[in-house]
file data.cif (mmCIF, C-alpha atoms)
data_upload
loop_
_atom_site.label_atom_id
_atom_site.label_comp_id
_atom_site.auth_asym_id
_atom_site.auth_seq_id
_atom_site.Cartn_x
_atom_site.Cartn_y
_atom_site.Cartn_z
CA MET A 1 98.57 40.11 115.95
CA ASP A 2 96.31 41.27 113.15
CA LYS A 3 98.12 44.00 111.16
CA HIS A 4 96.66 45.90 108.22
CA PRO A 5 98.54 47.84 105.53
CA LYS A 6 97.92 51.60 105.22
CA THR A 7 99.73 54.61 103.75
CA LEU A 8 101.38 57.27 105.87
CA LEU A 9 101.43 60.62 104.12
CA VAL A 10 103.65 63.27 105.72
CA ILE A 11 103.21 66.87 104.63
CA VAL A 12 105.79 69.41 105.78
CA ALA A 13 104.53 72.92 105.04
CA GLU A 14 104.44 76.53 106.16
CA ALA A 15 102.29 76.85 109.28
CA VAL A 16 99.93 79.34 107.60
CA LEU A 17 98.67 76.45 105.49
CA GLU A 18 97.84 74.16 108.41
CA ARG A 19 94.15 74.91 108.67
CA ALA A 20 93.56 74.69 104.93
CA LEU A 21 95.61 71.50 104.56
CA VAL A 22 93.81 69.71 107.38
CA ARG A 23 90.43 70.76 106.01
CA GLU A 24 91.30 69.65 102.49
CA ALA A 25 92.72 66.33 103.72
CA ARG A 26 89.49 65.63 105.58
CA GLU A 27 87.45 66.53 102.50
CA ARG A 28 89.40 63.87 100.61
CA GLY A 29 88.71 61.15 103.13
CA ALA A 30 91.40 61.45 105.81
CA GLN A 31 89.97 60.44 109.17
CA SER A 32 92.87 60.96 111.52
CA TRP A 33 96.01 63.03 111.50
CA THR A 34 98.54 64.59 113.83
CA VAL A 35 100.25 67.96 113.51
CA ALA A 36 103.60 68.88 115.02
CA GLU A 37 105.60 72.08 114.83
CA VAL A 38 109.03 71.54 113.37
CA HIS A 39 111.95 73.60 112.17
CA GLY A 40 114.54 72.93 109.56
CA ALA A 41 115.89 73.96 106.19
CA GLY A 42 115.31 73.29 102.53
CA ARG A 43 116.14 74.73 99.15
CA GLU A 44 114.27 77.95 99.97
CA GLY A 45 116.40 78.54 103.06
CA VAL A 46 116.26 78.03 106.81
CA ARG A 47 112.96 78.17 108.66
CA GLU A 48 113.75 78.34 112.35
CA GLY A 49 110.26 78.93 113.67
CA ASP A 50 111.39 81.92 115.72
CA TRP A 51 108.19 83.84 115.31
CA GLU A 52 104.74 83.64 113.74
CA ALA A 53 105.63 83.99 110.08
CA ASP A 54 108.54 81.57 110.26
CA ARG A 55 106.78 78.48 111.57
CA THR A 56 106.63 75.12 109.87
CA VAL A 57 104.29 72.22 110.58
CA GLU A 58 104.47 68.53 109.85
CA ILE A 59 101.09 66.95 109.19
CA ARG A 60 100.97 63.15 109.35
CA VAL A 61 97.99 61.40 107.84
CA ILE A 62 97.46 57.65 107.92
CA CYS A 63 94.91 56.57 105.33
CA ASP A 64 94.26 54.33 102.35
CA ALA A 65 96.63 54.71 99.41
CA PRO A 66 94.05 56.33 97.04
CA VAL A 67 93.17 58.92 99.71
CA ALA A 68 96.85 59.74 100.22
CA ASP A 69 97.28 60.12 96.47
CA ALA A 70 94.25 62.40 96.20
CA ILE A 71 95.51 64.62 99.01
CA ALA A 72 99.03 64.78 97.58
CA GLU A 73 97.79 65.60 94.08
CA HIS A 74 95.61 68.37 95.41
CA VAL A 75 98.47 69.82 97.50
CA MET A 76 100.86 69.74 94.55
CA ALA A 77 98.34 71.44 92.26
CA THR A 78 97.28 74.09 94.77
CA TYR A 79 100.35 75.00 96.81
CA ALA A 80 103.56 73.71 95.28
CA ALA A 81 104.08 76.70 92.99
CA HIS A 82 104.33 79.34 95.70
CA TYR A 83 104.77 77.64 99.07
CA SER A 84 107.43 75.53 100.69
CA VAL A 85 105.80 72.09 100.76
CA THR A 86 107.41 68.67 101.07
CA MET A 87 105.53 65.39 101.02
CA TYR A 88 106.50 61.79 101.33
CA PHE A 89 104.75 58.45 101.60
CA ALA A 90 105.49 55.39 103.65
CA ALA A 91 103.87 52.02 103.97
CA VAL A 92 102.74 51.41 107.52
CA GLN A 93 100.80 48.77 109.36
CA VAL A 94 97.99 49.55 111.75
CA LEU A 95 95.98 47.50 114.20
CA ARG A 96 92.53 49.02 113.82
CA PRO A 97 92.07 49.77 110.09
CA ASP A 98 88.58 51.26 110.38
CA ARG A 99 90.08 54.24 112.19
CA PHE A 100 92.14 55.40 109.22
CA MET B 101 120.05 109.26 124.90
CA ILE B 102 118.91 105.85 123.67
CA ASP B 103 116.05 104.31 125.63
CA VAL B 104 117.22 101.40 127.77
CA VAL B 105 114.92 98.86 126.07
CA VAL B 106 116.69 99.52 122.75
CA PHE B 107 119.93 98.17 124.25
CA PHE B 108 118.20 94.83 124.75
CA PHE B 109 117.27 94.78 121.08
CA LEU B 110 120.87 95.54 120.11
CA LEU B 111 122.06 92.79 122.46
CA GLY B 112 119.78 90.35 120.66
CA VAL B 113 121.11 91.42 117.24
CA PHE B 114 124.67 91.12 118.54
CA ALA B 115 124.03 87.64 119.97
CA ARG B 116 122.72 86.55 116.59
CA LEU B 117 125.60 88.05 114.64
CA VAL B 118 128.21 86.29 116.82
CA ARG B 119 126.21 83.05 116.49
CA SER B 120 125.51 82.74 120.20
CA ASP B 121 123.39 79.78 121.26
CA LEU B 122 121.01 82.20 123.02
CA ARG B 123 117.43 81.38 122.13
CA LEU B 124 114.28 82.32 124.01
CA PRO B 125 111.82 79.46 124.39
CA GLU B 126 108.96 79.80 121.94
CA ALA B 127 106.43 79.57 124.76
CA LEU B 128 108.03 82.63 126.37
CA TYR B 129 107.91 84.58 123.11
CA GLU B 130 104.23 83.71 122.85
CA THR B 131 103.56 84.68 126.48
CA LEU B 132 105.42 87.97 126.20
CA SER B 133 103.59 88.99 123.05
CA ILE B 134 100.21 88.20 124.62
CA TYR B 135 101.19 90.18 127.71
CA LEU B 136 102.31 93.21 125.70
CA LEU B 137 99.17 93.30 123.57
CA LEU B 138 96.88 93.00 126.59
CA ALA B 139 98.84 95.54 128.62
CA ILE B 140 98.84 98.08 125.78
CA GLY B 141 95.11 97.55 125.30
CA LEU B 142 94.33 97.84 129.01
CA LYS B 143 96.33 101.03 129.41
CA GLY B 144 94.50 102.61 126.49
CA GLY B 145 91.15 101.33 127.74
CA ILE B 146 91.54 102.90 131.17
CA GLU B 147 91.96 106.29 129.47
CA LEU B 148 89.16 105.52 127.08
CA SER B 149 86.75 105.30 130.02
CA ARG B 150 87.30 109.03 130.62
CA GLN B 151 86.69 110.07 127.01
CA PRO B 152 83.49 110.86 125.15
CA LEU B 153 83.46 108.19 122.44
CA ALA B 154 82.12 110.53 119.74
CA ALA B 155 85.25 112.67 120.01
CA LEU B 156 87.35 109.67 119.00
CA LEU B 157 85.51 108.98 115.77
CA PRO B 158 87.50 111.43 113.57
CA GLN B 159 90.75 109.93 114.88
CA VAL B 160 89.63 106.38 114.18
CA LEU B 161 88.45 107.29 110.67
CA ALA B 162 91.70 109.13 109.93
CA CYS B 163 93.76 106.14 111.11
CA VAL B 164 91.77 103.71 108.97
CA ALA B 165 92.04 106.01 105.94
CA MET B 166 95.77 106.50 106.42
CA GLY B 167 96.41 102.76 106.81
CA PHE B 168 94.42 102.09 103.64
CA ALA B 169 96.09 104.89 101.66
CA ILE B 170 99.73 104.05 102.48
CA PRO B 171 99.98 100.97 100.19
CA PHE B 172 98.47 102.89 97.26
CA VAL B 173 101.12 105.60 97.64
CA LEU B 174 103.97 103.13 98.06
CA PHE B 175 103.02 100.70 95.30
CA PRO B 176 104.05 102.87 92.32
CA LEU B 177 107.24 103.83 94.12
CA LEU B 178 108.14 100.18 94.75
CA ARG B 179 107.32 99.28 91.15
CA TRP B 180 109.62 102.09 90.05
CA LEU B 181 112.33 100.46 92.17
CA LYS B 182 111.85 97.37 89.96
CA LEU B 183 110.01 95.20 92.47
CA ALA B 184 107.66 92.64 90.92
CA ALA B 185 103.98 93.61 91.23
CA ALA B 186 103.16 90.96 93.84
CA ASP B 187 106.26 91.84 95.88
CA ALA B 188 105.48 95.55 95.68
CA ALA B 189 101.91 94.94 96.85
CA SER B 190 103.12 92.75 99.72
CA VAL B 191 105.79 95.19 100.92
CA ALA B 192 103.27 98.03 100.64
CA ALA B 193 100.81 96.07 102.79
CA HIS B 194 103.46 95.51 105.46
CA PHE B 195 103.92 99.30 105.69
CA GLY B 196 100.19 99.96 105.58
CA SER B 197 99.69 97.75 108.63
CA VAL B 198 101.44 98.59 111.90
CA SER B 199 104.00 97.20 114.34
CA VAL B 200 102.68 97.07 117.89
CA VAL B 201 106.14 96.78 119.42
CA THR B 202 107.36 99.87 117.57
CA TYR B 203 104.37 101.67 119.04
CA ALA B 204 105.23 100.34 122.52
CA VAL B 205 108.82 101.57 122.26
CA ALA B 206 107.63 105.01 121.08
CA SER B 207 105.13 105.35 123.92
CA ALA B 208 107.77 104.24 126.43
CA ALA B 209 110.17 106.86 125.02
CA LEU B 210 107.50 109.57 125.35
CA THR B 211 106.73 108.56 128.94
CA ARG B 212 110.42 108.63 129.86
CA ARG B 213 110.82 112.12 128.40
CA GLY B 214 107.69 113.35 130.15
CA ILE B 215 105.92 114.21 126.88
CA PRO B 216 102.17 113.69 127.28
CA TYR B 217 100.23 111.79 124.61
CA GLU B 218 96.69 110.60 124.04
CA SER B 219 96.64 107.51 126.26
CA HIS B 220 93.87 105.92 124.23
CA ALA B 221 96.31 105.73 121.30
CA ALA B 222 96.20 101.93 121.56
CA LEU B 223 92.85 102.29 119.79
CA TRP B 224 94.66 103.76 116.77
CA VAL B 225 96.97 100.74 116.71
CA ALA B 226 94.05 98.32 116.78
CA VAL B 227 92.20 99.96 113.89
CA MET B 228 95.34 100.40 111.76
CA GLU B 229 96.19 96.73 111.59
CA ALA B 230 93.72 95.63 108.91
CA PRO B 231 93.16 98.44 106.34
CA GLY B 232 96.70 98.31 104.95
CA LEU B 233 96.44 94.56 104.45
CA ALA B 234 93.18 94.93 102.53
CA ALA B 235 94.76 97.60 100.33
CA GLY B 236 97.79 95.42 99.64
CA ILE B 237 95.62 92.48 98.62
CA LEU B 238 93.56 94.70 96.31
CA LEU B 239 96.73 96.03 94.68
CA ALA B 240 98.03 92.50 94.12
CA ARG B 241 94.70 91.43 92.59
CA TRP B 242 94.44 94.41 90.28
CA SER B 243 98.00 94.17 89.07
CA SER B 244 97.76 90.44 88.35
CA ARG B 245 94.48 91.01 86.54
CA ALA B 246 96.09 93.78 84.51
CA ALA B 247 98.98 91.48 83.63
CA ASN B 248 96.42 88.82 82.75
CA SER B 249 98.44 86.23 84.60
CA ALA B 250 97.33 82.82 85.77
CA ASN B 251 96.83 84.17 89.26
CA ALA B 252 94.12 86.54 88.11
CA SER B 253 91.47 83.87 88.18
CA ARG B 254 92.04 83.10 91.82
CA ARG B 255 89.45 84.53 94.20
CA THR B 256 90.30 86.10 97.51
CA ASP B 257 88.43 84.54 100.39
CA TRP B 258 87.73 87.87 102.09
CA ALA B 259 85.53 86.33 104.77
CA ALA B 260 88.25 83.94 105.94
CA LEU B 261 90.92 86.65 105.72
CA GLY B 262 88.77 89.14 107.58
CA HIS B 263 88.16 86.57 110.25
CA ASP B 264 91.88 85.84 110.59
CA VAL B 265 92.82 89.51 110.92
CA LEU B 266 89.93 90.75 113.08
CA PHE B 267 89.93 87.75 115.40
CA GLY B 268 93.67 87.12 115.17
CA LYS B 269 95.74 87.42 118.30
CA SER B 270 96.82 91.03 117.99
CA VAL B 271 93.54 92.79 117.20
CA LEU B 272 91.58 90.53 119.56
CA LEU B 273 93.88 91.18 122.52
CA LEU B 274 94.25 94.90 121.82
CA LEU B 275 90.51 95.47 121.49
CA GLY B 276 89.83 93.04 124.35
CA GLY B 277 92.24 94.92 126.62
CA LEU B 278 90.77 98.26 125.53
CA THR B 279 87.26 97.05 126.32
CA ILE B 280 88.18 95.56 129.68
CA GLY B 281 90.09 98.71 130.64
CA ALA B 282 87.23 100.96 129.52
CA ILE B 283 84.64 99.00 131.49
CA ALA B 284 86.71 98.44 134.61
CA GLY B 285 88.22 101.94 134.70
CA VAL B 286 91.01 103.07 137.02
CA GLU B 287 89.56 101.52 140.16
CA GLY B 288 88.55 98.24 138.57
CA THR B 289 91.98 97.66 137.09
CA ALA B 290 93.84 98.65 140.28
CA PRO B 291 94.15 95.03 141.51
CA ILE B 292 95.89 93.90 138.29
CA LYS B 293 98.04 97.01 137.95
CA ALA B 294 101.00 95.28 139.59
CA VAL B 295 101.06 92.76 136.71
CA PHE B 296 99.87 94.68 133.67
CA VAL B 297 101.14 98.21 134.22
CA ASP B 298 104.23 98.36 136.43
CA PRO B 299 106.42 95.62 134.86
CA PHE B 300 105.55 96.69 131.30
CA LYS B 301 108.91 98.12 130.39
CA GLY B 302 110.84 95.15 131.75
CA VAL B 303 108.72 92.78 129.68
CA LEU B 304 109.15 95.01 126.63
CA ALA B 305 112.93 94.80 127.14
CA LEU B 306 112.81 91.00 127.21
CA PHE B 307 110.62 90.89 124.13
CA LEU B 308 113.00 93.21 122.28
CA LEU B 309 115.88 90.87 123.12
CA GLU B 310 113.98 88.12 121.32
CA LEU B 311 113.11 90.39 118.39
CA GLY B 312 116.78 91.36 118.18
CA LEU B 313 117.63 87.70 117.72
CA VAL B 314 115.03 87.34 114.98
CA ALA B 315 115.93 90.62 113.25
CA GLY B 316 119.63 89.76 113.43
CA GLY B 317 118.85 86.57 111.55
CA ARG B 318 117.24 88.59 108.74
CA LEU B 319 120.27 90.86 108.32
CA ALA B 320 122.11 88.19 106.34
CA GLU B 321 119.18 88.21 103.90
CA VAL B 322 119.72 91.90 103.14
CA ARG B 323 122.78 91.04 101.07
CA ARG B 324 120.73 88.53 99.11
CA PHE B 325 118.16 91.10 97.99
CA GLY B 326 120.59 93.95 97.36
CA ALA B 327 120.33 97.70 97.53
CA ALA B 328 116.61 97.98 96.73
CA VAL B 329 115.52 96.57 100.10
CA LEU B 330 117.86 98.98 101.90
CA VAL B 331 116.46 101.94 99.98
CA VAL B 332 112.90 100.83 100.78
CA GLY B 333 113.51 99.83 104.39
CA LEU B 334 115.35 103.03 105.29
CA GLY B 335 113.76 105.53 102.90
CA VAL B 336 110.07 104.74 103.29
CA PRO B 337 109.69 105.13 107.10
CA PRO B 338 110.77 108.82 107.31
CA MET B 339 108.53 109.63 104.36
CA LEU B 340 105.51 107.95 105.95
CA ALA B 341 106.36 109.51 109.33
CA LEU B 342 106.02 112.97 107.76
CA ALA B 343 102.59 112.00 106.41
CA GLY B 344 101.57 110.56 109.79
CA ALA B 345 102.70 113.69 111.59
CA ALA B 346 100.71 115.83 109.16
CA VAL B 347 97.58 113.78 109.83
CA GLY B 348 98.23 114.06 113.57
CA LEU B 349 98.52 117.85 113.33
CA ALA B 350 95.33 118.06 111.28
CA LEU B 351 93.53 116.06 113.96
CA GLY B 352 94.78 118.50 116.59
CA LEU B 353 96.70 115.86 118.54
CA SER B 354 99.17 116.64 121.32
CA THR B 355 102.93 116.62 120.69
CA GLY B 356 103.14 113.03 121.89
CA GLY B 357 100.12 112.06 119.81
CA VAL B 358 101.68 113.50 116.64
CA ALA B 359 104.89 111.56 117.39
CA LEU B 360 102.91 108.33 117.91
CA LEU B 361 100.90 108.71 114.73
CA ALA B 362 104.12 109.44 112.82
CA THR B 363 105.62 106.27 114.34
CA LEU B 364 102.57 104.18 113.47
CA ALA B 365 102.61 105.43 109.88
CA ALA B 366 106.33 104.68 109.60
CA SER B 367 106.16 101.24 111.18
CA ALA B 368 105.86 98.00 109.22
CA SER B 369 103.94 94.97 110.44
CA TYR B 370 105.88 91.73 110.84
CA ILE B 371 103.24 89.55 112.51
CA ALA B 372 99.81 90.09 110.95
CA ALA B 373 101.04 91.16 107.52
CA PRO B 374 103.35 88.25 106.66
CA THR B 375 100.65 85.70 107.53
CA ALA B 376 97.86 87.52 105.71
CA MET B 377 100.00 88.17 102.63
CA ARG B 378 101.23 84.59 102.53
CA ILE B 379 97.67 83.36 102.25
CA ALA B 380 96.26 86.09 100.01
CA VAL B 381 99.25 86.78 97.75
CA PRO B 382 101.25 83.53 97.64
CA GLU B 383 103.20 84.57 94.56
CA ALA B 384 104.90 87.36 96.54
CA ASN B 385 108.34 86.58 97.95
CA ALA B 386 107.71 86.41 101.71
CA ALA B 387 111.39 86.63 102.62
CA LEU B 388 111.70 89.95 100.78
CA SER B 389 108.86 91.64 102.71
CA ILE B 390 110.02 90.26 106.04
CA THR B 391 113.59 91.34 105.44
CA VAL B 392 112.39 94.88 104.77
CA ALA B 393 109.91 95.00 107.68
CA LEU B 394 111.84 93.15 110.37
CA GLY B 395 115.45 93.25 109.20
CA ILE B 396 115.67 96.91 108.22
CA THR B 397 112.64 99.08 109.05
CA PHE B 398 112.04 97.77 112.58
CA PRO B 399 115.64 98.31 113.79
CA PHE B 400 115.77 101.67 111.99
CA ASN B 401 112.58 102.87 113.68
CA ILE B 402 113.61 101.61 117.12
CA VAL B 403 117.10 103.09 117.10
CA VAL B 404 116.94 106.17 114.84
CA GLY B 405 113.35 106.75 113.77
CA ILE B 406 111.48 107.16 117.04
CA PRO B 407 113.80 109.85 118.51
CA ALA B 408 113.61 111.65 115.16
CA TYR B 409 109.80 111.43 115.00
CA ILE B 410 109.55 112.80 118.54
CA ALA B 411 111.88 115.68 117.62
CA LEU B 412 109.78 116.28 114.50
CA ALA B 413 106.56 116.43 116.54
CA GLN B 414 108.16 118.84 119.00
CA ARG B 415 109.30 121.12 116.19
CA LEU B 416 105.90 121.04 114.50
CA HIS B 417 104.19 121.91 117.77
CA ALA B 418 106.62 124.65 118.76
#

call {"tool": "encode", "arguments": {"input": "data.cif", "output": "structure tokens"}}
result
Amino acid sequence: MDKHPKTLLVIVAEAVLERALVREARERGAQSWTVAEVHGAGREGVREGDWEADRTVEIRVICDAPVADAIAEHVMATYAAHYSVTMYFAAVQVLRPDRF
Amino acid sequence: MIDVVVFFFLLGVFARLVRSDLRLPEALYETLSIYLLLAIGLKGGIELSRQPLAALLPQVLACVAMGFAIPFVLFPLLRWLKLAAADAASVAAHFGSVSVVTYAVASAALTRRGIPYESHAALWVAVMEAPGLAAGILLARWSSRAANSANASRRTDWAALGHDVLFGKSVLLLLGGLTIGAIAGVEGTAPIKAVFVDPFKGVLALFLLELGLVAGGRLAEVRRFGAAVLVVGLGVPPMLALAGAAVGLALGLSTGGVALLATLAASASYIAAPTAMRIAVPEANAALSITVALGITFPFNIVVGIPAYIALAQRLHA
């Protein structure tokens, strides 16, 4: 099977940022992503997602490494100071590279 | 005598405090809130169809002005209580905007006591959501500009924010319900009465159970922020209620109407405001505002405030 290397960028952030984050990821070359609602805790405290202002989303973007870096740099510069944002990268393999 | 729906709220708080595993599914929370907003809108709209619209204009203008003015009055007070400028602006915006559920509990209490009120009051709720938020954002901008901080250069995307508030769930459903009710009238809405009018209080009770769970979770935060949030959360609502009642009297509202306007002035938003402030004033501590609005002011208004505001309106009208 023909596998191709790509980067998975996962952004965990406050749900209010979802629309902006997706838009900004697309502007930087992301072609496909998925968003899931999650709940959990971090240094800033517990976010249980009980009601509108308490929701957290996990945005998963599979793309080329430079695109992932560009998105992550932008997110760090724009949101890290005042919002709860976590990001991590992983190397993944995909079957149809032109889709990502 | 405490209204029966309030017991459900207290049950929710209790369940949270004893760490019960009780949790309402998120989809139900979402459904209940959509139901309540639509039902409140519809009820107001049906009454609206019997009113000359021009007569409502002074009320609408007064509500908008009051919502916009509240943050400007509160801001210096909150600064005096040593809140950071961004936090003071955010908390002030929460009070400037309104809590729909607090309104629903107040109107249910009036109905139970047989005190008449302007049934189109849902219109006041709908127009009071946004002005306080705008005022809070302006205060945050001006204070950060005055402090010459790094945030001063950031622009507010008013178009996007306006879109989010005006077409957000609460205003859209309230105004949508009002419009549908006004067009359809009493006869037109008769077929859906069995869903949107009769079970209202039962649904409100269920929703308050959920809010009790959420509010109970914020109580632990009160200790983290100390006495200032208690002073603000308990001291501000009665003060604003007096102002709201005064505006209601000046508008020539009924006893119930004065009580509702006092309640709306005293209530703090915990749905529209946190989201709008998070986007527009990110440097403000969101947990602080939410603890005040949902952990302290909401329970206070539901349990103590509303009966007091009704008594106040009755005394003022006597």

call {"tool": "resolve_selection", "arguments": {"input": "data.cif", "expression": "the PyMOL selection byres ((chain B and resi 232-237) around 9)", "output": "PyMOL selection string"}}
result
chain B and resi 164+166-172+175+188-198+228-231+238-242+256+258+262+265+372-373+376-377+380-381

call {"tool": "interface_residues", "arguments": {"input": "data.cif", "of": "chain A", "to": "chain B", "cutoff": "12 Å", "atoms": "all atoms listed in the file", "output": "JSON, numbers by chain"}}
result
{"A": [14, 15, 16, 17, 18, 19, 20, 37, 38, 39, 44, 45, 46, 47, 48, 49, 50, 51, 52, 53, 54, 55, 78, 79, 80, 81, 82, 83, 84]}

call {"tool": "residues_around", "arguments": {"input": "data.cif", "residues": "Trp224 (chain B)", "least_positions_apart": "3", "cutoff": "10 Å", "atoms": "only C-alpha atoms", "output": "PDB file with C-alpha atoms, keeping the file's coordinate frame"}}
result
ATOM      1  CA  GLY B 144      94.500 102.610 126.490  1.00  0.00           C
ATOM      2  CA  LEU B 156      87.350 109.670 119.000  1.00  0.00           C
ATOM      3  CA  GLN B 159      90.750 109.930 114.880  1.00  0.00           C
ATOM      4  CA  VAL B 160      89.630 106.380 114.180  1.00  0.00           C
ATOM      5  CA  LEU B 161      88.450 107.290 110.670  1.00  0.00           C
ATOM      6  CA  ALA B 162      91.700 109.130 109.930  1.00  0.00           C
ATOM      7  CA  CYS B 163      93.760 106.140 111.110  1.00  0.00           C
ATOM      8  CA  VAL B 164      91.770 103.710 108.970  1.00  0.00           C
ATOM      9  CA  VAL B 198     101.440  98.590 111.900  1.00  0.00           C
ATOM     10  CA  HIS B 220      93.870 105.920 124.230  1.00  0.00           C
ATOM     11  CA  ALA B 221      96.310 105.730 121.300  1.00  0.00           C
ATOM     12  CA  VAL B 227      92.200  99.960 113.890  1.00  0.00           C
ATOM     13  CA  MET B 228      95.340 100.400 111.760  1.00  0.00           C
ATOM     14  CA  GLU B 229      96.190  96.730 111.590  1.00  0.00           C
ATOM     15  CA  LEU B 360     102.910 108.330 117.910  1.00  0.00           C
ATOM     16  CA  LEU B 361     100.900 108.710 114.730  1.00  0.00           C
ATOM     17  CA  LEU B 364     102.570 104.180 113.470  1.00  0.00           C
TER      18      LEU B 364
END

call {"tool": "closest_residue", "arguments": {"input": "data.cif", "among": "A:Arg43, A:Arg23, A:Arg60, A:Lys6", "to": "Ala91 (chain A)", "atoms": "all atoms listed in the file"}}
result
A:Lys6

call {"tool": "resolve_selection", "arguments": {"input": "data.cif", "expression": "the PyMOL selection byres ((chain A and resi 30) around 9)", "output": "ChimeraX atom specification"}}
result
/A:22,24-29,31-33,61-64,67-68,71,100

call {"tool": "write_last_selection", "arguments": {"input": "data.cif", "atoms": "C-alpha atoms", "output": "mmCIF file, in the coordinates of the input"}}
result
data_model
loop_
_atom_site.group_PDB
_atom_site.id
_atom_site.type_symbol
_atom_site.label_atom_id
_atom_site.label_comp_id
_atom_site.auth_asym_id
_atom_site.auth_seq_id
_atom_site.Cartn_x
_atom_site.Cartn_y
_atom_site.Cartn_z
ATOM 1 C CA VAL A 22 93.810 69.710 107.380
ATOM 2 C CA GLU A 24 91.300 69.650 102.490
ATOM 3 C CA ALA A 25 92.720 66.330 103.720
ATOM 4 C CA ARG A 26 89.490 65.630 105.580
ATOM 5 C CA GLU A 27 87.450 66.530 102.500
ATOM 6 C CA ARG A 28 89.400 63.870 100.610
ATOM 7 C CA GLY A 29 88.710 61.150 103.130
ATOM 8 C CA GLN A 31 89.970 60.440 109.170
ATOM 9 C CA SER A 32 92.870 60.960 111.520
ATOM 10 C CA TRP A 33 96.010 63.030 111.500
ATOM 11 C CA VAL A 61 97.990 61.400 107.840
ATOM 12 C CA ILE A 62 97.460 57.650 107.920
ATOM 13 C CA CYS A 63 94.910 56.570 105.330
ATOM 14 C CA ASP A 64 94.260 54.330 102.350
ATOM 15 C CA VAL A 67 93.170 58.920 99.710
ATOM 16 C CA ALA A 68 96.850 59.740 100.220
ATOM 17 C CA ILE A 71 95.510 64.620 99.010
ATOM 18 C CA PHE A 100 92.140 55.400 109.220
#

call {"tool": "resolve_selection", "arguments": {"input": "data.cif", "expression": "the PyMOL selection byres ((chain A and resi 12) around 6)", "output": "count of residues only"}}
result
6

call {"tool": "closest_residue", "arguments": {"input": "data.cif", "among": "B:Gly285, B:Gly333, B:Gly344, B:Pro338", "to": "Leu178 (chain B)", "atoms": "all atoms listed in the file"}}
result
B:Gly333

call {"tool": "closest_residue", "arguments": {"input": "data.cif", "among": "B:Ile396, B:Ile292, B:Ala208, B:Ala154", "to": "Arg323 (chain B)", "atoms": "all atoms listed in the file"}}
result
B:Ile396

call {"tool": "atom_distance", "arguments": {"input": "data.cif", "atom1": "CA of Glu218 (chain B)", "atom2": "CA of Leu272 (chain B)"}}
result
21.2 Å

call {"tool": "axis_aligned_box", "arguments": {"input": "data.cif", "around": "region 216-233 of chain B", "padding_each_side": "4 Å", "output": "lines of an AutoDock Vina configuration file"}}
result
center_x = 97.2
center_y = 104.1
center_z = 115.9
size_x = 18.0
size_y = 27.1
size_z = 30.8

call {"tool": "atom_distance", "arguments": {"input": "data.cif", "atom1": "CA of Leu8 (chain A)", "atom2": "CA of Ala90 (chain A)"}}
result
5.0 Å

call {"tool": "residues_around", "arguments": {"input": "data.cif", "residues": "Phe300 (chain B)", "least_positions_apart": "4", "cutoff": "8 Å", "atoms": "only C-alpha atoms", "output": "number ranges by chain"}}
result
B: 136, 139, 296, 304

call {"tool": "atom_distance", "arguments": {"input": "data.cif", "atom1": "CA of Thr363 (chain B)", "atom2": "CA of Leu110 (chain B)"}}
result
19.5 Å
